[in-house]
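Written out below as structure tokens is the structure these notes cover.
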Amino acid sequence: MLKWKRSLSVLAMTAIVGTLAACGGGGNKVNNAGAATEAPASTTAAATEAPSTNEPVKLRIMWWGSQPRHEATLAALDLYTKNNPNVTFEPEYSGMDGYLDKLSTQAAANNAPDVVQLDPGWMPDWMARQQLADLAPEVDVSKFDGKLLAGGQREGKQYAVPLGSVAFGMVYDKAAMDKLGIANPANGWTWDEFFALAKESKAKLPKGQYFTLDYAGNYFMYSAYQYAKGKGQVITDDGHFNVDEASYLEWTKKFEELRKEGLVPPADVNASDKENDPQMDLLAAGKVLFRYSFSNNLGTWDSIKPGAYALVTMPRAEEAGGWLKPSMYMAVSKNSKHAEEAKKFINWFVNDPEAAQITKTFRGLPANKENAALLEANMSDLDKVGLELLRATEPDGQTWSAGAGGWTNFVDKDWVLVRDQLSFGKSTPEEAFKQLKEASQSYEK
Amino acid sequence: MNRSTTTLAQAAPSPKKSSYFKSRWNAPLAGYLFISPWLIGFLVLTAYPLFLSLYYSFTDYTLMQPMQWIGSRNYERIFTADPKFIQSAKVTVMYVLASVPLKLIAALLVAMVLSKAVKGIGFYRTAIYFPSLIGGSIGVSLLWRNIFGVDGIFNKLIAVFGIEGKSWITNPDTALGTLILLTVWQFGSTMVIFLAGLKQIPNDLYEASSVDGANKIVQFFRITLPMLSPILYFNLIMAVINAFQMFTSAFVITNGGPMNATYVYAMYLYERAFSRYELGYASALAWIMLVAIVAATLLISYTSKYWVFYETDTGGKKRK
Amino acid sequence: MTTTLNWKPALRHVFMILFSFLMVYPIVWWIGASLKDSTELSSPGIFPSVPQWENFTKGWNSVPGHTFTDFYLNTFGLEIMVLIATLLSCTLVAFGFARLDFPLKKFWFSILMLTLMMPGQVLIIPQYALFHQLGWVNTYLPFVVPHLLAGGAGGSFFVFLLIQFIRGVPKELDESAKIDGCSWFGIFWRVVMPLAFPAVVTVTIFCFLWNWDDFLGHLLYINTVDKYTVGLALRMINDSQSAAEWGQLLAMSLVSIIPATLVFIFLQKYFVDGIATTGIKG
């Protein structure tokens, strides 16, 4: 007899599902990349204000993560308190499960922590709802990549700073491919090469093993394809449905072929895939050779099968397919009573080299370029592989965008329904396109 | 007191004999004193949020944005232009109709077996309750996938009989079935309540009827079932309420998929409330669900006068 | 409850053993999985080649600055308060509804049922705002006080359950107690409560279990790690965005069901020795 409250206990997963889906988003050419230099208030400028606010302040700070990130962050907070004895912290840290539910509830009751860590996918909604404080002039963003800053900007104001960056590419089972005699892909490869490699591998794959997942209806993979074709974002920043019909049909039909030839798993097996789960992840289970990945996720797969996996850039066509994406943002709540101190802390947290030495790459490669360079020297081998993908994606990668606010559900629900129907063979590519277009009507701005 | 089954047909109460039954209300003040904890709790903690949500349901209210009174527009939209409402309501009704009877029957049968004082009964009872102990924990979704996945134990089992398995959880035809099975499998709480109810039935009733030559089946229908009927009534109502509100497993194990085959009503409500922050619309959905549950419960309690028997002050049993 | 045929008990045991195995299979799988390291988790075998006992020790210390000892102490403290509060309030309220007649009783009872049927999701935010205004966030008060007022996780359910059971207790017992000079409270305490004992045990088990599992409630109202419960600490091991320590997670969640299992093992015997069976005299 499941009690309702108890049921809620697992709301948990929404956060996960919501976030995974919200990661990646679309990309667009951000026209205000120069915004980075808009408000370069220096650290010292902020420090001179210190005397006026020297009374003891307790900052609430909230983040999600796992053990190493918690330890590093706590150590950084200690150091900050040592340097600024008037500032102490009330840290609220947890896993990702339920994080957004809790934060939203707190915010609704005007009780959000002073400093919050946010997923890039949430940014449009949070900024639109005016729940965050303008970070200028206390926070210096002059050392950040404009492409990464864009996700935290709205109407010319910087509401959040990116903490780290990751690259969107692919992971493949190198060990299995070497064993089967399938050639490894190289950075900069094209979609034509991707599909050619699939065909080529057909004869070599044993029963029950497949080339890649059925990505026909996958939002992120299709986004990458549409970008590569030079057709831009799937959903534009101003909130319009922008799926290019020709590219969409091309993509879904190619996967229809793969499905017929048995190069992607049958629909029910495909649907059972659960990323990073040691039992349900089809890559980890040795059932598929390729899947999409962010550059910092290699560690997870590596812990399941050490040394077996490698990363490669997202295939390209006329344009690059992959992009750099901020791993997460840090911001100050609008209702914070200690906004000044909170902003000063964030400035230190993202810019101070000493802080960077402590927080390392636990939030992705620091988005602050100088700190990133500082850390590169002492990186673990796994981090270096991730960095390699990042560097290979960086030069001509697409510009990541969190997209327009209010479309999250379209991606999480409507797109997923069409994905299942394609994969289970319940609708044709043409019907799928029509269905997406119709579903998009209720989200159009 | 004579509580043999012959009193079952005994009619309504005889004139009130007891000294404290003089007025219509035997103890107004004491009554309110006894229920005061709940009453205070309701008035202070629950009433306000409850009525707030009713109010929200008539507004266009997205979190952090100004609220606007729109009358019954939310309700109109839900009933006329919301395919997800229809889809999720359909799935939920299917789930209720399948899981409630199955769970109750399983729980009652097992409770009857477990109520006997057999050697090692404590172990069996714990073992059988176990699935309910792990209820909401993280393990359960891992486990269910482990059983009903492609390489799961279930497929290995049926492979013995030469049947080729599939990924049951992620197949649109069978996904809801596996969730129903999970619910039935976690019948422990329902069973425990039956068990406690069975323990309240005095042994002498059975002994008396054994002397009269009644066999087990007759005893079941003439003693166990009537004596247990208040508990059965309780379990039925709770099972219906819980089934309507079913959320956890659909959310964790299948996330409503594949192809919305397990997209239950509570998931849709959650999506509106917590993914889209449309508290107005979500509240309207919640009140519709509430009305549906109330209707189902009223239906059950309307029929209950034909099959639920309560102890009364007359010493025997009577129709309520 | 007499058995007439001899083969019946034997058959019953066979059936029960098979059935028990079916129900217990998960724990076997779970124990196996909790001893695996990440590389072995994807392999189909139930038990690992080399048991990783350190999943338990490492898991126990996996939250920086704290050990699971702290979280268990927190949780037990919370559970004890909640249990006492629930048993006190729910039995009183149930007795009131089941045995006493007072104005508007039907109305209040319908409201009680209504609170059972209301989907809780839309109530979360207003309720949080209320507790925040009372200054109760980051304390255990949002759990203890509602339970003291027959609310909280399962409150109305327990009241309804107890009402149904108390209705099963013969009323003439009240009457004779009344004649003996018992007050209403005396009837409640001396007559009805002992007879409804199996139901009270049931409520204890459920209350323990549901509060143990009340993840979202705990998550919403407890902010600082020094007040974390076991459930919250468990989710900290598992962060979906990083290399998850699955072995540790499974090990710690396995440990976390031990208290509930013990509570059940200890209390379930009252279903056999329930006072009700002997307390009623014809």
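By order of appearance in the structure tokens: chains A, B, ..., then residues from 1 within every chain, and ligands from 1 in the order shown.
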Can you build me a table of chain C residues sitting at most 7 Å from chain B, with the closest atom pair per residue and its distance in Å to one decimal, using only C-alpha atoms, sorted by chain and residue number, as a tab-separated table?
```
residue	atom	partner	partner_atom	distance
C:Met1	CA	B:Lys116	CA	6.9
C:Met16	CA	B:Tyr124	CA	6.8
C:Ser20	CA	B:Ala127	CA	5.4
C:Met23	CA	B:Ile128	CA	5.7
C:Val24	CA	B:Ala127	CA	5.9
C:Pro26	CA	B:Leu143	CA	6.7
C:Ser89	CA	B:Pro37	CA	6.2
C:Leu92	CA	B:Phe34	CA	5.3
C:Val93	CA	B:Ile35	CA	4.2
C:Gly96	CA	B:Phe34	CA	4.9
C:Leu100	CA	B:Gly31	CA	5.4
C:Asp101	CA	B:Trp25	CA	4.7
C:Phe102	CA	B:Pro28	CA	4.1
C:Pro103	CA	B:Pro28	CA	6.4
C:Met117	CA	B:Leu290	CA	6.1
C:Met118	CA	B:Leu290	CA	5.6
C:Pro119	CA	B:Ala286	CA	5.9
C:Gln121	CA	B:Tyr270	CA	6.6
C:Val122	CA	B:Ser283	CA	5.9
C:Leu123	CA	B:Pro49	CA	5.7
C:Pro126	CA	B:Pro49	CA	5.3
C:Gln127	CA	B:Pro49	CA	6.1
C:Pro146	CA	B:Gly41	CA	6.5
C:Leu149	CA	B:Pro37	CA	4.5
C:Ala150	CA	B:Trp38	CA	5.0
C:Gly151	CA	B:Gly41	CA	6.7
C:Leu161	CA	B:Phe234	CA	7.0
C:Gln164	CA	B:Pro230	CA	6.0
C:Arg167	CA	B:Glu311	CA	6.1
C:Gly168	CA	B:Glu311	CA	5.5
C:Val169	CA	B:Glu311	CA	6.7
C:Pro170	CA	B:Glu311	CA	5.6
C:Lys171	CA	B:Asp313	CA	4.9
C:Glu172	CA	B:Asp313	CA	5.6
C:Pro198	CA	B:Ala196	CA	5.1
C:Ala199	CA	B:Ala196	CA	6.1
C:Thr202	CA	B:Ile193	CA	6.8
C:Asp213	CA	B:Gly136	CA	6.4
C:Ile257	CA	B:Ile134	CA	6.7
C:Ala260	CA	B:Leu133	CA	6.9
C:Thr261	CA	B:Leu133	CA	6.9
C:Ile265	CA	B:Thr126	CA	6.3
C:Gln268	CA	B:Gly122	CA	7.0
C:Lys269	CA	B:Gly122	CA	6.6
C:Phe271	CA	B:Ala196	CA	6.0
C:Val272	CA	B:Ala117	CA	6.8
C:Gly274	CA	B:Lys199	CA	6.6
C:Ala276	CA	B:Gln200	CA	5.4
C:Thr277	CA	B:Pro202	CA	5.5
C:Ile280	CA	B:Pro202	CA	6.9
C:Gly282	CA	B:Met1	CA	5.3
```
Contacts between chain A and chain C, please, where a residue of chain C counts if it comes within 8 Å (with only C-alpha atoms); show its shortest atom pair and distance in Å to one decimal, rows by chain and ascending number, as a Markdown table.
```
| residue | atom | partner | partner_atom | distance |
| --- | --- | --- | --- | --- |
| C:Ser38 | CA | A:Ile304 | CA | 5.0 |
| C:Thr39 | CA | A:Ile304 | CA | 4.1 |
| C:Glu40 | CA | A:Ile304 | CA | 7.4 |
| C:Leu41 | CA | A:Pro278 | CA | 5.9 |
| C:Ser42 | CA | A:Gln279 | CA | 4.6 |
| C:Ser43 | CA | A:Gln279 | CA | 7.8 |
| C:Ser62 | CA | A:Gln67 | CA | 6.7 |
| C:Val63 | CA | A:Gln67 | CA | 6.4 |
| C:Pro64 | CA | A:Glu71 | CA | 5.9 |
| C:Pro119 | CA | A:Trp4 | CA | 7.5 |
| C:Gly120 | CA | A:Trp4 | CA | 6.7 |
| C:Ile124 | CA | A:Thr105 | CA | 7.8 |
| C:Ile125 | CA | A:Thr105 | CA | 5.7 |
| C:Tyr128 | CA | A:Ala109 | CA | 7.0 |
| C:Ala129 | CA | A:Ala109 | CA | 4.8 |
| C:His132 | CA | A:Ala109 | CA | 7.3 |
| C:Ala153 | CA | A:Lys5 | CA | 5.9 |
| C:Gly154 | CA | A:Lys3 | CA | 6.6 |
| C:Trp210 | CA | A:Arg6 | CA | 6.2 |
| C:Asp213 | CA | A:Arg6 | CA | 6.2 |
| C:Asp214 | CA | A:Arg6 | CA | 5.2 |
| C:Phe215 | CA | A:Ser9 | CA | 4.2 |
| C:Leu216 | CA | A:Ser9 | CA | 4.5 |
| C:Gly217 | CA | A:Ser9 | CA | 7.3 |
| C:Leu219 | CA | A:Lys102 | CA | 6.9 |
| C:Leu220 | CA | A:Lys102 | CA | 5.3 |
| C:Asn223 | CA | A:Glu92 | CA | 5.4 |
| C:Thr224 | CA | A:Glu92 | CA | 5.3 |
| C:Val225 | CA | A:Glu92 | CA | 6.8 |
| C:Leu232 | CA | A:Ser94 | CA | 7.7 |
| C:Ala233 | CA | A:Ser94 | CA | 7.9 |
| C:Arg235 | CA | A:Gly95 | CA | 5.7 |
| C:Met236 | CA | A:Gly95 | CA | 4.4 |
| C:Ile237 | CA | A:Ser66 | CA | 6.1 |
| C:Asn238 | CA | A:Gly95 | CA | 6.2 |
| C:Asp239 | CA | A:Gly95 | CA | 4.7 |
| C:Ser240 | CA | A:Met96 | CA | 6.3 |
| C:Gln241 | CA | A:Gly65 | CA | 7.3 |
| C:Ser242 | CA | A:Thr300 | CA | 6.4 |
| C:Ala243 | CA | A:Thr300 | CA | 4.1 |
| C:Ala244 | CA | A:Thr300 | CA | 6.9 |
| C:Trp246 | CA | A:Pro278 | CA | 8.0 |
```
DSSP helix (DSSP H, G or I) residues within stretch 6-223 of chain C, listed as a VMD selection string
chain C and resid 7 to 34 38 to 41 54 to 60 68 to 99 105 to 117 120 to 133 141 to 148 155 to 166 171 to 179 184 to 195 197 to 213 215 to 221
Find the residues of chain B in contact range of chain A, meaning any atom within 6 Å when counting only C-alpha atoms, and list them as a list in words.
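Result, ordered by chain then number: Met64, Ser167, Thr170, Asn171, Ser189, Thr248 and Met259 of chain B.
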Take the selection from the previous step and output its residues with C-alpha atoms, as a PDB file, in the first residue's frame.
```pdb
ATOM      1  CA  MET B  64       6.787  33.063  -9.931  1.00  0.00           C
ATOM      2  CA  SER B 167      12.335  -6.680 -22.806  1.00  0.00           C
ATOM      3  CA  THR B 170      10.214  -1.432 -22.314  1.00  0.00           C
ATOM      4  CA  ASN B 171       7.679  -3.043 -24.596  1.00  0.00           C
ATOM      5  CA  SER B 189       0.896  -3.987   3.670  1.00  0.00           C
ATOM      6  CA  THR B 248       6.419   5.878  -8.050  1.00  0.00           C
ATOM      7  CA  MET B 259       4.927   5.253 -26.071  1.00  0.00           C
TER       8      MET B 259
END
```
Run DSSP on the backbone and give me the residues of stretch 67-182 of chain A it puts in strand (DSSP E or B), as a CSV table (one decimal) with all heavy atoms, in the first residue's frame.
```
chain,number,residue,atom,x,y,z
A,87,VAL,N,32.7,35.8,7.0
A,87,VAL,CA,31.8,35.0,6.1
A,87,VAL,C,31.9,33.5,6.5
A,87,VAL,O,32.9,32.9,6.4
A,87,VAL,CB,32.1,35.2,4.6
A,87,VAL,CG1,31.1,34.4,3.8
A,87,VAL,CG2,32.1,36.7,4.2
A,88,THR,N,30.8,33.0,7.0
A,88,THR,CA,30.7,31.6,7.2
A,88,THR,C,29.6,31.0,6.3
A,88,THR,O,28.8,31.7,5.7
A,88,THR,CB,30.4,31.2,8.6
A,88,THR,OG1,29.2,32.0,9.0
A,88,THR,CG2,31.5,31.5,9.6
A,89,PHE,N,29.6,29.7,6.2
A,89,PHE,CA,28.7,29.1,5.2
A,89,PHE,C,27.7,28.1,5.9
A,89,PHE,O,28.1,27.4,6.9
A,89,PHE,CB,29.4,28.3,4.1
A,89,PHE,CG,30.2,29.3,3.2
A,89,PHE,CD1,31.5,29.6,3.5
A,89,PHE,CD2,29.6,29.9,2.2
A,89,PHE,CE1,32.2,30.4,2.7
A,89,PHE,CE2,30.3,30.8,1.4
A,89,PHE,CZ,31.6,31.0,1.6
A,90,GLU,N,26.6,27.9,5.3
A,90,GLU,CA,25.7,26.9,5.7
A,90,GLU,C,25.5,26.0,4.4
A,90,GLU,O,24.6,26.4,3.6
A,90,GLU,CB,24.3,27.4,6.2
A,90,GLU,CG,23.5,26.3,6.8
A,90,GLU,CD,22.2,26.9,7.4
A,90,GLU,OE1,22.4,27.8,8.3
A,90,GLU,OE2,21.2,26.6,7.0
A,91,PRO,N,26.3,25.0,4.2
A,91,PRO,CA,26.3,24.3,2.9
A,91,PRO,C,25.1,23.3,2.9
A,91,PRO,O,24.8,22.7,3.9
A,91,PRO,CB,27.6,23.6,2.9
A,91,PRO,CG,28.0,23.4,4.3
A,91,PRO,CD,27.4,24.5,5.1
A,92,GLU,N,24.4,23.3,1.8
A,92,GLU,CA,23.3,22.3,1.6
A,92,GLU,C,23.7,21.5,0.3
A,92,GLU,O,23.5,22.0,-0.8
A,92,GLU,CB,22.0,23.0,1.4
A,92,GLU,CG,21.6,23.9,2.6
A,92,GLU,CD,20.3,24.7,2.3
A,92,GLU,OE1,19.6,24.4,1.4
A,92,GLU,OE2,20.1,25.7,3.1
A,93,TYR,N,24.3,20.3,0.5
A,93,TYR,CA,24.7,19.6,-0.7
A,93,TYR,C,24.0,18.2,-0.7
A,93,TYR,O,23.7,17.7,0.4
A,93,TYR,CB,26.2,19.5,-0.7
A,93,TYR,CG,26.9,19.0,0.5
A,93,TYR,CD1,27.3,17.7,0.6
A,93,TYR,CD2,27.1,19.9,1.6
A,93,TYR,CE1,28.0,17.3,1.8
A,93,TYR,CE2,27.8,19.5,2.7
A,93,TYR,CZ,28.2,18.2,2.8
A,93,TYR,OH,28.8,17.7,4.0
A,94,SER,N,23.8,17.7,-1.9
A,94,SER,CA,23.1,16.5,-2.0
A,94,SER,C,23.5,15.9,-3.4
A,94,SER,O,24.3,16.4,-4.1
A,94,SER,CB,21.6,16.7,-1.9
A,94,SER,OG,21.2,17.5,-3.0
A,115,VAL,N,23.5,31.3,-2.5
A,115,VAL,CA,24.3,30.9,-3.7
A,115,VAL,C,23.8,29.5,-4.2
A,115,VAL,O,23.6,28.6,-3.4
A,115,VAL,CB,25.8,30.7,-3.4
A,115,VAL,CG1,26.6,30.3,-4.6
A,115,VAL,CG2,26.3,32.1,-2.8
A,116,VAL,N,23.4,29.4,-5.4
A,116,VAL,CA,22.9,28.1,-5.9
A,116,VAL,C,23.6,27.7,-7.2
A,116,VAL,O,24.1,28.5,-8.0
A,116,VAL,CB,21.4,28.2,-6.3
A,116,VAL,CG1,20.6,28.4,-5.0
A,116,VAL,CG2,21.1,29.4,-7.3
A,117,GLN,N,23.8,26.4,-7.3
A,117,GLN,CA,24.3,25.8,-8.5
A,117,GLN,C,23.2,25.4,-9.4
A,117,GLN,O,22.2,24.8,-8.9
A,117,GLN,CB,25.1,24.5,-8.1
A,117,GLN,CG,25.7,23.8,-9.2
A,117,GLN,CD,26.6,22.6,-8.7
A,117,GLN,OE1,27.5,22.8,-7.9
A,117,GLN,NE2,26.3,21.4,-9.2
A,118,LEU,N,23.2,25.7,-10.7
A,118,LEU,CA,22.1,25.4,-11.6
A,118,LEU,C,22.5,24.7,-12.8
A,118,LEU,O,23.7,24.9,-13.3
A,118,LEU,CB,21.4,26.8,-12.0
A,118,LEU,CG,20.8,27.6,-10.9
A,118,LEU,CD1,20.5,29.0,-11.4
A,118,LEU,CD2,19.5,26.9,-10.4
A,132,LEU,N,16.9,35.3,-10.2
A,132,LEU,CA,18.4,35.5,-9.9
A,132,LEU,C,18.8,36.9,-9.9
A,132,LEU,O,18.1,37.8,-10.5
A,132,LEU,CB,19.1,34.7,-11.0
A,132,LEU,CG,18.8,33.3,-11.2
A,132,LEU,CD1,19.5,32.7,-12.4
A,132,LEU,CD2,19.1,32.5,-9.9
A,144,PHE,N,36.3,34.5,-19.2
A,144,PHE,CA,35.5,33.4,-19.6
A,144,PHE,C,35.2,33.5,-21.1
A,144,PHE,O,35.1,34.5,-21.7
A,144,PHE,CB,34.1,33.4,-18.9
A,144,PHE,CG,34.3,33.0,-17.4
A,144,PHE,CD1,34.8,33.9,-16.5
A,144,PHE,CD2,33.8,31.8,-17.0
A,144,PHE,CE1,34.9,33.5,-15.2
A,144,PHE,CE2,33.9,31.4,-15.7
A,144,PHE,CZ,34.5,32.2,-14.8
A,153,GLN,N,23.0,34.7,-19.6
A,153,GLN,CA,22.7,36.1,-19.8
A,153,GLN,C,21.3,36.3,-20.3
A,153,GLN,O,20.7,35.5,-21.0
A,153,GLN,CB,23.6,36.7,-21.0
A,153,GLN,CG,25.0,36.9,-20.5
A,153,GLN,CD,26.0,37.1,-21.7
A,153,GLN,OE1,25.6,36.7,-22.8
A,153,GLN,NE2,27.2,37.5,-21.4
A,154,ARG,N,20.8,37.4,-19.9
A,154,ARG,CA,19.4,37.8,-20.4
A,154,ARG,C,19.3,39.3,-20.5
A,154,ARG,O,19.7,40.0,-19.5
A,154,ARG,CB,18.4,37.2,-19.5
A,154,ARG,CG,16.9,37.4,-20.0
A,154,ARG,CD,16.0,36.9,-19.0
A,154,ARG,NE,14.7,37.5,-19.1
A,154,ARG,CZ,13.7,37.0,-19.9
A,154,ARG,NH1,13.9,35.9,-20.5
A,154,ARG,NH2,12.5,37.6,-20.0
A,157,LYS,N,22.3,41.3,-19.2
A,157,LYS,CA,22.8,41.2,-17.8
A,157,LYS,C,23.3,39.8,-17.6
A,157,LYS,O,22.7,38.8,-18.1
A,157,LYS,CB,21.7,41.5,-16.8
A,157,LYS,CG,21.4,43.0,-16.7
A,157,LYS,CD,20.4,43.3,-15.7
A,157,LYS,CE,20.1,44.8,-15.6
A,157,LYS,NZ,18.8,45.1,-15.0
A,158,GLN,N,24.3,39.7,-16.8
A,158,GLN,CA,24.9,38.3,-16.5
A,158,GLN,C,24.3,37.9,-15.1
A,158,GLN,O,24.6,38.4,-14.1
A,158,GLN,CB,26.4,38.4,-16.4
A,158,GLN,CG,27.1,37.1,-16.3
A,158,GLN,CD,27.2,36.4,-17.7
A,158,GLN,OE1,27.5,37.1,-18.7
A,158,GLN,NE2,27.0,35.1,-17.7
A,160,ALA,N,24.4,34.5,-14.2
A,160,ALA,CA,25.0,33.3,-13.7
A,160,ALA,C,26.4,33.1,-14.4
A,160,ALA,O,26.5,33.5,-15.5
A,160,ALA,CB,24.1,32.0,-13.9
A,161,VAL,N,27.3,32.5,-13.7
A,161,VAL,CA,28.6,32.2,-14.3
A,161,VAL,C,28.8,30.7,-14.5
A,161,VAL,O,28.4,29.9,-13.7
A,161,VAL,CB,29.8,32.7,-13.5
A,161,VAL,CG1,30.1,34.1,-13.8
A,161,VAL,CG2,29.6,32.4,-12.0
A,162,PRO,N,29.3,30.4,-15.7
A,162,PRO,CA,29.5,28.9,-16.0
A,162,PRO,C,30.7,28.5,-15.1
A,162,PRO,O,31.7,29.2,-14.9
A,162,PRO,CB,29.9,28.9,-17.4
A,162,PRO,CG,30.4,30.3,-17.8
A,162,PRO,CD,29.7,31.2,-16.8
A,164,GLY,N,32.1,25.2,-15.4
A,164,GLY,CA,33.0,24.3,-16.2
A,164,GLY,C,32.5,24.1,-17.6
A,164,GLY,O,31.4,24.6,-17.9
A,165,SER,N,33.3,23.5,-18.4
A,165,SER,CA,32.8,23.2,-19.8
A,165,SER,C,33.0,21.8,-20.1
A,165,SER,O,34.0,21.2,-19.7
A,165,SER,CB,33.5,24.1,-20.8
A,165,SER,OG,34.8,23.9,-20.8
A,166,VAL,N,32.1,21.2,-20.9
A,166,VAL,CA,32.3,19.9,-21.4
A,166,VAL,C,32.0,19.9,-22.9
A,166,VAL,O,31.3,20.8,-23.4
A,166,VAL,CB,31.3,18.9,-20.7
A,166,VAL,CG1,31.7,18.8,-19.2
A,166,VAL,CG2,29.9,19.4,-20.8
A,167,ALA,N,32.4,18.9,-23.6
A,167,ALA,CA,32.2,18.8,-25.1
A,167,ALA,C,31.2,17.7,-25.3
A,167,ALA,O,31.3,16.6,-24.7
A,167,ALA,CB,33.5,18.6,-25.8
A,168,PHE,N,30.4,17.9,-26.3
A,168,PHE,CA,29.4,16.9,-26.8
A,168,PHE,C,30.0,16.1,-27.9
A,168,PHE,O,30.3,16.7,-29.0
A,168,PHE,CB,28.1,17.6,-27.2
A,168,PHE,CG,27.0,16.6,-27.5
A,168,PHE,CD1,26.6,15.7,-26.6
A,168,PHE,CD2,26.3,16.7,-28.7
A,168,PHE,CE1,25.5,14.8,-26.9
A,168,PHE,CE2,25.3,15.9,-29.1
A,168,PHE,CZ,24.9,14.9,-28.2
A,169,GLY,N,30.2,14.8,-27.7
A,169,GLY,CA,30.8,14.0,-28.8
A,169,GLY,C,30.3,12.6,-28.6
A,169,GLY,O,29.2,12.4,-28.2
A,170,MET,N,31.1,11.6,-29.0
A,170,MET,CA,30.7,10.2,-28.9
A,170,MET,C,31.7,9.4,-28.2
A,170,MET,O,32.9,9.7,-28.2
A,170,MET,CB,30.5,9.6,-30.3
A,170,MET,CG,29.4,10.2,-31.1
A,170,MET,SD,28.9,9.2,-32.5
A,170,MET,CE,27.5,8.3,-31.8
A,171,VAL,N,31.2,8.3,-27.5
A,171,VAL,CA,32.1,7.4,-26.9
A,171,VAL,C,32.0,6.0,-27.6
A,171,VAL,O,30.9,5.7,-28.1
A,171,VAL,CB,31.8,7.2,-25.4
A,171,VAL,CG1,30.3,6.8,-25.2
A,171,VAL,CG2,32.7,6.3,-24.7
A,172,TYR,N,33.1,5.3,-27.8
A,172,TYR,CA,32.9,4.0,-28.5
A,172,TYR,C,33.7,3.0,-27.7
A,172,TYR,O,34.7,3.2,-27.0
A,172,TYR,CB,33.3,4.1,-29.9
A,172,TYR,CG,34.7,4.6,-30.2
A,172,TYR,CD1,35.8,3.6,-30.4
A,172,TYR,CD2,35.1,5.9,-30.3
A,172,TYR,CE1,37.1,4.0,-30.7
A,172,TYR,CE2,36.4,6.3,-30.5
A,172,TYR,CZ,37.4,5.4,-30.7
A,172,TYR,OH,38.7,5.8,-31.0
A,173,ASP,N,33.3,1.7,-28.0
A,173,ASP,CA,33.9,0.6,-27.3
A,173,ASP,C,35.1,0.2,-28.1
A,173,ASP,O,35.0,-0.7,-29.0
A,173,ASP,CB,32.9,-0.5,-27.2
A,173,ASP,CG,33.4,-1.7,-26.3
A,173,ASP,OD1,34.6,-1.8,-26.1
A,173,ASP,OD2,32.5,-2.4,-25.8
```
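The interatomic distance for the pair atom CA of A:Ile235 and atom CA of A:Gly386 works out to 28.0 Å.
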